[in-house]
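Enquirer: To start, I am sharing the structure in question, which I have written as structure tokens.
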Amino acid sequence: MRLIDADVLSYALYDDSPAHGDAWGFMKRAVAGEVEASICHTTVIEAYNALVWYYHVRPRESVLEKLGAVVESLKVAQTSMRGIAVARSEGIPLGDGFLIATAIDNRLPIVVSNDRHVISTAPKYGLMAENPISVKVQRTMRRQGDSV
């Protein structure tokens with residue numbers, strides 16, 4: 001049982017991302033039900049914003065169409081407002097705090113992310129972090145300045 005982070009979702013939907021292949025491979029397994037995965041509303045909003053405002057994917061309607069096609073196949077976890085407290089106490093971005101608190105409150109023991117804040121903070125809360133992005137691709141992304 002996993003909770004997917006916005007970075008993995010946005011890489012999966014952005015064809016030009018170096019992480020697209022790895023992220024899309026994971027998302028295909030999740031959508032097919034081969035791995036049990038959930039998302040939360042915060043993840044969808046953050047992925048949309050990354051695709052539209054950071055990667056400049058247009059038209060926006062196509063972003064919504066892609067998001068809708070993937071999201072409708074996944075379970076939706078109720079976002080935990082305790083994420084604010086997690087973000088404050090850990091000094092991490094708010095979205096990452098929401099992700100960790102949501103995983104805890106929804107009893108989802110694994111967070112799927114390529115985000116260093118999530119990967120380093122999740123174990124402090126008894127969660128496992130799973131990164132579907134290969135080490136080789138992670139290095140490429142760091143060189144290009146396209147990872148957190």
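We name chains A, B, ... following the order of the structure tokens; residues begin at 1 in each chain, and ligands are numbered from 1 as shown.
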Would you kindly return, as a list in words, each protein, DNA or RNA residue with an atom no farther than 9 Å from any atom of Leu51 of chain A, considering only C-alpha atoms and excluding same-chain residues fewer than 3 positions away?

Expert: Ser10, Tyr11, Leu13, Tyr14, Glu46, Ala47, Tyr48, Tyr54, Tyr55, His56, Val57, Arg58, Arg60 and Val63 of chain A

Enquirer: Return as number ranges by chain the full set of residues in chain A whose backbone-based DSSP assignment is alpha helix (DSSP H).

Expert: A: 6-13, 20-31, 41-49, 60-71, 83-90, 94-105, 116-121, 135-144

Enquirer: Find the residue from A:Ala122, A:Leu108, A:Leu64, A:Val52 that sits nearest to Asp96 of chain A; use only C-alpha atoms when measuring.

Expert: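 The closest residue to Asp96 of chain A is A:Ala122.
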
Enquirer: Which neighbours of Val76 of chain A fall inside 8 Å, counting only C-alpha atoms, when residues of the same chain fewer than 3 positions from it are skipped, and could you give them as a list in words?

Expert: Ser38, Ile39, Cys40 and His41 of chain A

Enquirer: Ranking A:Ala37, A:Val70, A:Ile45, A:Met1 by minimum distance to Trp24 of chain A and counting only C-alpha atoms, which one comes first?

Expert: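 The shortest atom-to-atom distance to Trp24 of chain A comes from A:Val70.
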
Enquirer: Find, counting only C-alpha atoms, the residue in A:Gly145, A:Gly68, A:Pro109, A:Pro93 that gets nearest to Leu3 of chain A.

Expert: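 For Leu3 of chain A, the nearest of the candidates is A:Pro109.
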
Enquirer: Excluding Asp146 of chain A and its own-chain neighbours fewer than 4 positions away, which residues fall within 12 Å of it when counting only C-alpha atoms? Please give them as an MDAnalysis selection string.

Expert: chainID A and resid 7 11 16:19 50 54:55 114:115 137:142

Enquirer: Would you work out the distance separating atom CA of Ala6 of chain A from atom CA of Thr43 of chain A, expressed in Å to one decimal?

Expert: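 Rounded to one decimal, the two atoms are 4.6 Å apart.
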
Enquirer: For a quick check of understanding, using only C-alpha atoms, which of A:His20, A:Lys66, A:Arg2, A:Arg143 has the smallest distance to Glu130 of chain A?

Expert: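 Closest candidate: A:Arg2.
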
Enquirer: DSSP on the backbone, strand (DSSP E) only: what residues of segment 105-144 of chain A does that give? Format it as a list in words.

Expert: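 Listing strand (DSSP E) positions across segment 105-144 of chain A yields Ile110, Val111, Val112, Met128, Ala129 and Glu130 of chain A.
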
Enquirer: Print the selection's residues with N, CA and C atoms to a file, as a JSON list (two decimals), in the first residue's frame.

Expert:
```json
[["chain", "number", "residue", "atom", "x", "y", "z"],
["A", 110, "ILE", "N", 4.14, 3.05, 2.68],
["A", 110, "ILE", "CA", 5.18, 3.36, 1.70],
["A", 110, "ILE", "C", 4.82, 4.64, 0.95],
["A", 111, "VAL", "N", 5.77, 5.58, 0.91],
["A", 111, "VAL", "CA", 5.59, 6.77, 0.07],
["A", 111, "VAL", "C", 6.50, 6.60, -1.14],
["A", 112, "VAL", "N", 5.94, 6.90, -2.31],
["A", 112, "VAL", "CA", 6.67, 6.74, -3.57],
["A", 112, "VAL", "C", 7.08, 8.13, -4.02],
["A", 128, "MET", "N", 8.26, 3.85, 4.90],
["A", 128, "MET", "CA", 9.31, 3.50, 3.96],
["A", 128, "MET", "C", 9.18, 4.42, 2.75],
["A", 129, "ALA", "N", 10.31, 4.78, 2.18],
["A", 129, "ALA", "CA", 10.32, 5.58, 0.96],
["A", 129, "ALA", "C", 10.78, 4.68, -0.18],
["A", 130, "GLU", "N", 10.02, 4.71, -1.26],
["A", 130, "GLU", "CA", 10.34, 3.92, -2.45],
["A", 130, "GLU", "C", 10.55, 4.89, -3.60]]
```

Enquirer: Using only C-alpha atoms, pick whichever of A:Ala103, A:Leu67, A:Ile4, A:Val35 has the shortest atom-to-atom distance to Arg82 of chain A.

Expert: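 Looking at the shortest contact to Arg82 of chain A, the residue is A:Ala103.
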
Enquirer: Would you compute the distance between atom CA of Gly21 of chain A and atom CA of Val135 of chain A? Give it in Å to one decimal.

Expert: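 Computed distance, atom CA of Gly21 of chain A to atom CA of Val135 of chain A, equals 13.1 Å.
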
Enquirer: If I take atom CA of Ala69 of chain A and atom CA of Asp22 of chain A, how far is one from the other in Å, to one decimal?

Expert: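 Between these atoms lies a distance of 18.5 Å.
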
Enquirer: A:Arg107, A:Ala85, A:Pro123, A:Pro132: which is nearest Ala30 of chain A, counting only C-alpha atoms?

Expert: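 Comparing A:Arg107, A:Ala85, A:Pro123, A:Pro132 against Ala30 of chain A, the winner is A:Pro132.
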
Enquirer: I want to know what sits within 12 Å of Gly97 of chain A, based on only C-alpha atoms, with residues of the same chain fewer than 2 positions away left out; could you give that as an MDAnalysis selection string?

Expert: chainID A and resid 5 42:43 79:95 99:104 111 115 117:119 121:122 125
